[in-house]
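Listing of upload14.cif; format and content: mmCIF, N, CA and C atoms.
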data_protein
#
loop_
_atom_site.group_PDB
_atom_site.id
_atom_site.type_symbol
_atom_site.label_atom_id
_atom_site.label_comp_id
_atom_site.auth_asym_id
_atom_site.auth_seq_id
_atom_site.Cartn_x
_atom_site.Cartn_y
_atom_site.Cartn_z
ATOM 1 N N MET A 1 -105.227 -32.337 -206.819
ATOM 2 C CA MET A 1 -105.743 -33.109 -207.944
ATOM 3 C C MET A 1 -104.588 -33.895 -208.555
ATOM 4 N N SER A 2 -104.867 -35.132 -208.890
ATOM 5 C CA SER A 2 -103.826 -35.973 -209.481
ATOM 6 C C SER A 2 -103.628 -35.639 -210.963
ATOM 7 N N VAL A 3 -102.508 -36.065 -211.486
ATOM 8 C CA VAL A 3 -102.207 -35.840 -212.902
ATOM 9 C C VAL A 3 -103.242 -36.553 -213.779
ATOM 10 N N GLU A 4 -103.671 -37.726 -213.364
ATOM 11 C CA GLU A 4 -104.678 -38.460 -214.140
ATOM 12 C C GLU A 4 -106.007 -37.697 -214.172
ATOM 13 N N GLN A 5 -106.369 -37.072 -213.058
ATOM 14 C CA GLN A 5 -107.588 -36.264 -213.027
ATOM 15 C C GLN A 5 -107.445 -35.044 -213.936
ATOM 16 N N MET A 6 -106.259 -34.430 -213.913
ATOM 17 C CA MET A 6 -106.011 -33.282 -214.786
ATOM 18 C C MET A 6 -106.131 -33.689 -216.247
ATOM 19 N N LYS A 7 -105.546 -34.829 -216.595
ATOM 20 C CA LYS A 7 -105.638 -35.321 -217.971
ATOM 21 C C LYS A 7 -107.097 -35.509 -218.384
ATOM 22 N N ALA A 8 -107.884 -36.101 -217.494
ATOM 23 C CA ALA A 8 -109.297 -36.332 -217.802
ATOM 24 C C ALA A 8 -110.032 -35.010 -218.006
ATOM 25 N N GLU A 9 -109.750 -34.032 -217.169
ATOM 26 C CA GLU A 9 -110.400 -32.720 -217.298
ATOM 27 C C GLU A 9 -109.991 -32.049 -218.616
ATOM 28 N N ILE A 10 -108.711 -32.147 -218.954
ATOM 29 C CA ILE A 10 -108.220 -31.550 -220.202
ATOM 30 C C ILE A 10 -108.904 -32.214 -221.398
ATOM 31 N N ILE A 11 -108.978 -33.540 -221.392
ATOM 32 C CA ILE A 11 -109.576 -34.277 -222.504
ATOM 33 C C ILE A 11 -111.059 -33.957 -222.645
ATOM 34 N N ASN A 12 -111.727 -33.669 -221.537
ATOM 35 C CA ASN A 12 -113.163 -33.360 -221.575
ATOM 36 C C ASN A 12 -113.450 -31.870 -221.692
ATOM 37 N N SER A 13 -112.451 -31.078 -221.960
ATOM 38 C CA SER A 13 -112.619 -29.628 -222.018
ATOM 39 C C SER A 13 -113.028 -29.166 -223.420
ATOM 40 N N PRO A 14 -113.594 -27.963 -223.489
ATOM 41 C CA PRO A 14 -113.900 -27.390 -224.812
ATOM 42 C C PRO A 14 -112.646 -27.236 -225.678
ATOM 43 N N MET A 15 -111.503 -26.970 -225.052
ATOM 44 C CA MET A 15 -110.247 -26.839 -225.783
ATOM 45 C C MET A 15 -109.953 -28.123 -226.561
ATOM 46 N N ALA A 16 -110.150 -29.272 -225.912
ATOM 47 C CA ALA A 16 -109.889 -30.553 -226.571
ATOM 48 C C ALA A 16 -110.879 -30.792 -227.702
ATOM 49 N N GLU A 17 -112.126 -30.388 -227.492
ATOM 50 C CA GLU A 17 -113.121 -30.553 -228.549
ATOM 51 C C GLU A 17 -112.744 -29.743 -229.780
ATOM 52 N N VAL A 18 -112.238 -28.528 -229.573
ATOM 53 C CA VAL A 18 -111.857 -27.659 -230.685
ATOM 54 C C VAL A 18 -110.613 -28.187 -231.387
ATOM 55 N N ARG A 19 -109.629 -28.590 -230.623
ATOM 56 C CA ARG A 19 -108.351 -29.013 -231.202
ATOM 57 C C ARG A 19 -108.321 -30.482 -231.586
ATOM 58 N N GLY A 20 -109.258 -31.242 -231.093
ATOM 59 C CA GLY A 20 -109.303 -32.675 -231.389
ATOM 60 C C GLY A 20 -108.875 -33.484 -230.179
ATOM 61 N N ILE A 21 -109.788 -34.290 -229.690
ATOM 62 C CA ILE A 21 -109.525 -35.055 -228.472
ATOM 63 C C ILE A 21 -108.358 -36.012 -228.657
ATOM 64 N N GLU A 22 -108.294 -36.679 -229.783
ATOM 65 C CA GLU A 22 -107.201 -37.632 -230.014
ATOM 66 C C GLU A 22 -105.850 -36.922 -230.062
ATOM 67 N N LYS A 23 -105.817 -35.773 -230.703
ATOM 68 C CA LYS A 23 -104.575 -34.991 -230.777
ATOM 69 C C LYS A 23 -104.118 -34.561 -229.379
ATOM 70 N N ILE A 24 -105.059 -34.085 -228.559
ATOM 71 C CA ILE A 24 -104.733 -33.665 -227.195
ATOM 72 C C ILE A 24 -104.282 -34.868 -226.371
ATOM 73 N N ASN A 25 -104.961 -35.990 -226.526
ATOM 74 C CA ASN A 25 -104.606 -37.200 -225.790
ATOM 75 C C ASN A 25 -103.185 -37.649 -226.129
ATOM 76 N N GLN A 26 -102.828 -37.611 -227.391
ATOM 77 C CA GLN A 26 -101.466 -37.966 -227.806
ATOM 78 C C GLN A 26 -100.444 -37.010 -227.204
ATOM 79 N N MET A 27 -100.765 -35.733 -227.184
ATOM 80 C CA MET A 27 -99.864 -34.740 -226.614
ATOM 81 C C MET A 27 -99.652 -35.001 -225.120
ATOM 82 N N LEU A 28 -100.724 -35.320 -224.415
ATOM 83 C CA LEU A 28 -100.614 -35.593 -222.982
ATOM 84 C C LEU A 28 -99.741 -36.814 -222.708
ATOM 85 N N GLU A 29 -99.806 -37.803 -223.581
ATOM 86 C CA GLU A 29 -99.004 -39.016 -223.396
ATOM 87 C C GLU A 29 -97.509 -38.761 -223.647
ATOM 88 N N ARG A 30 -97.199 -37.770 -224.467
ATOM 89 C CA ARG A 30 -95.799 -37.497 -224.811
ATOM 90 C C ARG A 30 -95.077 -36.633 -223.778
ATOM 91 N N HIS A 31 -95.833 -35.879 -222.984
ATOM 92 C CA HIS A 31 -95.209 -34.892 -222.107
ATOM 93 C C HIS A 31 -95.220 -35.318 -220.643
ATOM 94 N N ASP A 32 -94.391 -34.632 -219.869
ATOM 95 C CA ASP A 32 -94.241 -34.969 -218.457
ATOM 96 C C ASP A 32 -95.286 -34.282 -217.576
ATOM 97 N N GLU A 33 -95.227 -34.591 -216.290
ATOM 98 C CA GLU A 33 -96.184 -34.088 -215.314
ATOM 99 C C GLU A 33 -96.202 -32.562 -215.245
ATOM 100 N N LEU A 34 -95.049 -31.936 -215.314
ATOM 101 C CA LEU A 34 -94.972 -30.479 -215.239
ATOM 102 C C LEU A 34 -95.731 -29.830 -216.395
ATOM 103 N N PHE A 35 -95.561 -30.360 -217.594
ATOM 104 C CA PHE A 35 -96.274 -29.845 -218.765
ATOM 105 C C PHE A 35 -97.784 -29.987 -218.585
ATOM 106 N N ILE A 36 -98.210 -31.144 -218.105
ATOM 107 C CA ILE A 36 -99.634 -31.401 -217.920
ATOM 108 C C ILE A 36 -100.219 -30.443 -216.898
ATOM 109 N N LYS A 37 -99.506 -30.201 -215.804
ATOM 110 C CA LYS A 37 -99.981 -29.262 -214.787
ATOM 111 C C LYS A 37 -100.098 -27.854 -215.357
ATOM 112 N N ARG A 38 -99.135 -27.437 -216.146
ATOM 113 C CA ARG A 38 -99.170 -26.093 -216.737
ATOM 114 C C ARG A 38 -100.307 -25.978 -217.758
ATOM 115 N N LEU A 39 -100.486 -26.997 -218.568
ATOM 116 C CA LEU A 39 -101.574 -26.998 -219.540
ATOM 117 C C LEU A 39 -102.921 -26.925 -218.826
ATOM 118 N N TYR A 40 -103.055 -27.661 -217.747
ATOM 119 C CA TYR A 40 -104.293 -27.631 -216.961
ATOM 120 C C TYR A 40 -104.543 -26.224 -216.422
ATOM 121 N N GLN A 41 -103.493 -25.591 -215.887
ATOM 122 C CA GLN A 41 -103.633 -24.242 -215.344
ATOM 123 C C GLN A 41 -104.055 -23.255 -216.436
ATOM 124 N N LEU A 42 -103.468 -23.366 -217.608
ATOM 125 C CA LEU A 42 -103.855 -22.499 -218.721
ATOM 126 C C LEU A 42 -105.310 -22.712 -219.121
ATOM 127 N N MET A 43 -105.748 -23.966 -219.116
ATOM 128 C CA MET A 43 -107.128 -24.274 -219.451
ATOM 129 C C MET A 43 -108.084 -23.633 -218.440
ATOM 130 N N VAL A 44 -107.762 -23.736 -217.165
ATOM 131 C CA VAL A 44 -108.594 -23.147 -216.119
ATOM 132 C C VAL A 44 -108.644 -21.628 -216.278
ATOM 133 N N GLU A 45 -107.499 -21.021 -216.533
ATOM 134 C CA GLU A 45 -107.455 -19.567 -216.721
ATOM 135 C C GLU A 45 -108.279 -19.145 -217.933
ATOM 136 N N ASP A 46 -108.184 -19.882 -219.023
ATOM 137 C CA ASP A 46 -108.964 -19.573 -220.225
ATOM 138 C C ASP A 46 -110.459 -19.665 -219.958
ATOM 139 N N GLU A 47 -110.864 -20.670 -219.195
ATOM 140 C CA GLU A 47 -112.284 -20.824 -218.868
ATOM 141 C C GLU A 47 -112.764 -19.678 -217.985
ATOM 142 N N GLU A 48 -111.927 -19.232 -217.058
ATOM 143 C CA GLU A 48 -112.292 -18.114 -216.201
ATOM 144 C C GLU A 48 -112.458 -16.830 -217.024
ATOM 145 N N ILE A 49 -111.564 -16.620 -217.967
ATOM 146 C CA ILE A 49 -111.650 -15.442 -218.845
ATOM 147 C C ILE A 49 -112.905 -15.509 -219.697
ATOM 148 N N ALA A 50 -113.218 -16.681 -220.206
ATOM 149 C CA ALA A 50 -114.414 -16.852 -221.039
ATOM 150 C C ALA A 50 -115.685 -16.564 -220.245
ATOM 151 N N MET A 51 -115.707 -16.941 -218.984
ATOM 152 C CA MET A 51 -116.884 -16.682 -218.154
ATOM 153 C C MET A 51 -117.045 -15.196 -217.848
ATOM 154 N N MET A 52 -115.952 -14.474 -217.761
ATOM 155 C CA MET A 52 -116.016 -13.051 -217.479
ATOM 156 C C MET A 52 -116.466 -12.247 -218.698
ATOM 157 N N GLY A 53 -116.053 -12.714 -219.874
ATOM 158 C CA GLY A 53 -116.307 -11.963 -221.089
ATOM 159 C C GLY A 53 -117.574 -12.330 -221.683
#
Using the file provided, produce a representation of the structure as structure tokens.
Amino acid sequence: MSVEQMKAEIINSPMAEVRGIEKINQMLERHDELFIKRLYQLMVEDEEIAMMG
């Protein structure tokens, strides 16, 4: 998955809705590819935990 696809998934996630899409979008623009990949991985893990619980 490309970084742009990850950004789109992050922006469309429940996490972004809770924290504010504009705030998340600004954060993504300030950080590098490694940060975005890690944030995406955390989001996926959180969603998996939410589905289990």
Hey, which of A:Met27, A:Met1, A:Val44, A:Leu34 ends up closest to A:Ser13? Count only C-alpha atoms. A:Val44
For atom CA of A:Glu29 and atom CA of A:Glu48, quote the distance in Å rounded to one decimal.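 These two atoms are separated by 25.8 Å.
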Expressed in Å to a single decimal, how great is the separation between atom CA of A:Lys23 and atom CA of A:Ala8? 13.9 Å
Out of chain A, which residues get helix (DSSP H, G or I) from DSSP, as a ChimeraX atom specification? /A:3-11,14-19,21-30,33-52
Those same residues, written as a compact mmCIF listing (two decimals), keeping the file's coordinate frame with N, CA and C atoms?
# COMPACT_ATOMS: atom_id res chain seq x y z
N VAL A 3 -102.51 -36.06 -211.49
CA VAL A 3 -102.21 -35.84 -212.90
C VAL A 3 -103.24 -36.55 -213.78
N GLU A 4 -103.67 -37.73 -213.36
CA GLU A 4 -104.68 -38.46 -214.14
C GLU A 4 -106.01 -37.70 -214.17
N GLN A 5 -106.37 -37.07 -213.06
CA GLN A 5 -107.59 -36.26 -213.03
C GLN A 5 -107.44 -35.04 -213.94
N MET A 6 -106.26 -34.43 -213.91
CA MET A 6 -106.01 -33.28 -214.79
C MET A 6 -106.13 -33.69 -216.25
N LYS A 7 -105.55 -34.83 -216.60
CA LYS A 7 -105.64 -35.32 -217.97
C LYS A 7 -107.10 -35.51 -218.38
N ALA A 8 -107.88 -36.10 -217.49
CA ALA A 8 -109.30 -36.33 -217.80
C ALA A 8 -110.03 -35.01 -218.01
N GLU A 9 -109.75 -34.03 -217.17
CA GLU A 9 -110.40 -32.72 -217.30
C GLU A 9 -109.99 -32.05 -218.62
N ILE A 10 -108.71 -32.15 -218.95
CA ILE A 10 -108.22 -31.55 -220.20
C ILE A 10 -108.90 -32.21 -221.40
N ILE A 11 -108.98 -33.54 -221.39
CA ILE A 11 -109.58 -34.28 -222.50
C ILE A 11 -111.06 -33.96 -222.64
N PRO A 14 -113.59 -27.96 -223.49
CA PRO A 14 -113.90 -27.39 -224.81
C PRO A 14 -112.65 -27.24 -225.68
N MET A 15 -111.50 -26.97 -225.05
CA MET A 15 -110.25 -26.84 -225.78
C MET A 15 -109.95 -28.12 -226.56
N ALA A 16 -110.15 -29.27 -225.91
CA ALA A 16 -109.89 -30.55 -226.57
C ALA A 16 -110.88 -30.79 -227.70
N GLU A 17 -112.13 -30.39 -227.49
CA GLU A 17 -113.12 -30.55 -228.55
C GLU A 17 -112.74 -29.74 -229.78
N VAL A 18 -112.24 -28.53 -229.57
CA VAL A 18 -111.86 -27.66 -230.68
C VAL A 18 -110.61 -28.19 -231.39
N ARG A 19 -109.63 -28.59 -230.62
CA ARG A 19 -108.35 -29.01 -231.20
C ARG A 19 -108.32 -30.48 -231.59
N ILE A 21 -109.79 -34.29 -229.69
CA ILE A 21 -109.52 -35.06 -228.47
C ILE A 21 -108.36 -36.01 -228.66
N GLU A 22 -108.29 -36.68 -229.78
CA GLU A 22 -107.20 -37.63 -230.01
C GLU A 22 -105.85 -36.92 -230.06
N LYS A 23 -105.82 -35.77 -230.70
CA LYS A 23 -104.58 -34.99 -230.78
C LYS A 23 -104.12 -34.56 -229.38
N ILE A 24 -105.06 -34.08 -228.56
CA ILE A 24 -104.73 -33.66 -227.20
C ILE A 24 -104.28 -34.87 -226.37
N ASN A 25 -104.96 -35.99 -226.53
CA ASN A 25 -104.61 -37.20 -225.79
C ASN A 25 -103.18 -37.65 -226.13
N GLN A 26 -102.83 -37.61 -227.39
CA GLN A 26 -101.47 -37.97 -227.81
C GLN A 26 -100.44 -37.01 -227.20
N MET A 27 -100.76 -35.73 -227.18
CA MET A 27 -99.86 -34.74 -226.61
C MET A 27 -99.65 -35.00 -225.12
N LEU A 28 -100.72 -35.32 -224.42
CA LEU A 28 -100.61 -35.59 -222.98
C LEU A 28 -99.74 -36.81 -222.71
N GLU A 29 -99.81 -37.80 -223.58
CA GLU A 29 -99.00 -39.02 -223.40
C GLU A 29 -97.51 -38.76 -223.65
N ARG A 30 -97.20 -37.77 -224.47
CA ARG A 30 -95.80 -37.50 -224.81
C ARG A 30 -95.08 -36.63 -223.78
N GLU A 33 -95.23 -34.59 -216.29
CA GLU A 33 -96.18 -34.09 -215.31
C GLU A 33 -96.20 -32.56 -215.24
N LEU A 34 -95.05 -31.94 -215.31
CA LEU A 34 -94.97 -30.48 -215.24
C LEU A 34 -95.73 -29.83 -216.40
N PHE A 35 -95.56 -30.36 -217.59
CA PHE A 35 -96.27 -29.84 -218.76
C PHE A 35 -97.78 -29.99 -218.58
N ILE A 36 -98.21 -31.14 -218.10
CA ILE A 36 -99.63 -31.40 -217.92
C ILE A 36 -100.22 -30.44 -216.90
N LYS A 37 -99.51 -30.20 -215.80
CA LYS A 37 -99.98 -29.26 -214.79
C LYS A 37 -100.10 -27.85 -215.36
N ARG A 38 -99.14 -27.44 -216.15
CA ARG A 38 -99.17 -26.09 -216.74
C ARG A 38 -100.31 -25.98 -217.76
N LEU A 39 -100.49 -27.00 -218.57
CA LEU A 39 -101.57 -27.00 -219.54
C LEU A 39 -102.92 -26.92 -218.83
N TYR A 40 -103.06 -27.66 -217.75
CA TYR A 40 -104.29 -27.63 -216.96
C TYR A 40 -104.54 -26.22 -216.42
N GLN A 41 -103.49 -25.59 -215.89
CA GLN A 41 -103.63 -24.24 -215.34
C GLN A 41 -104.06 -23.26 -216.44
N LEU A 42 -103.47 -23.37 -217.61
CA LEU A 42 -103.86 -22.50 -218.72
C LEU A 42 -105.31 -22.71 -219.12
N MET A 43 -105.75 -23.97 -219.12
CA MET A 43 -107.13 -24.27 -219.45
C MET A 43 -108.08 -23.63 -218.44
N VAL A 44 -107.76 -23.74 -217.16
CA VAL A 44 -108.59 -23.15 -216.12
C VAL A 44 -108.64 -21.63 -216.28
N GLU A 45 -107.50 -21.02 -216.53
CA GLU A 45 -107.46 -19.57 -216.72
C GLU A 45 -108.28 -19.14 -217.93
N ASP A 46 -108.18 -19.88 -219.02
CA ASP A 46 -108.96 -19.57 -220.22
C ASP A 46 -110.46 -19.66 -219.96
N GLU A 47 -110.86 -20.67 -219.20
CA GLU A 47 -112.28 -20.82 -218.87
C GLU A 47 -112.76 -19.68 -217.98
N GLU A 48 -111.93 -19.23 -217.06
CA GLU A 48 -112.29 -18.11 -216.20
C GLU A 48 -112.46 -16.83 -217.02
N ILE A 49 -111.56 -16.62 -217.97
CA ILE A 49 -111.65 -15.44 -218.84
C ILE A 49 -112.90 -15.51 -219.70
N ALA A 50 -113.22 -16.68 -220.21
CA ALA A 50 -114.41 -16.85 -221.04
C ALA A 50 -115.68 -16.56 -220.24
N MET A 51 -115.71 -16.94 -218.98
CA MET A 51 -116.88 -16.68 -218.15
C MET A 51 -117.04 -15.20 -217.85
N MET A 52 -115.95 -14.47 -217.76
CA MET A 52 -116.02 -13.05 -217.48
C MET A 52 -116.47 -12.25 -218.70
Taking into account only C-alpha atoms, which residue in the set A:Asp32, A:Glu47, A:Ser2, A:Leu42 is nearest to A:Pro14?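 Closest candidate: A:Glu47.
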One decimal, in Å: what's the spacing between atom CA of A:Met51 and atom CA of A:Met15? 14.3 Å
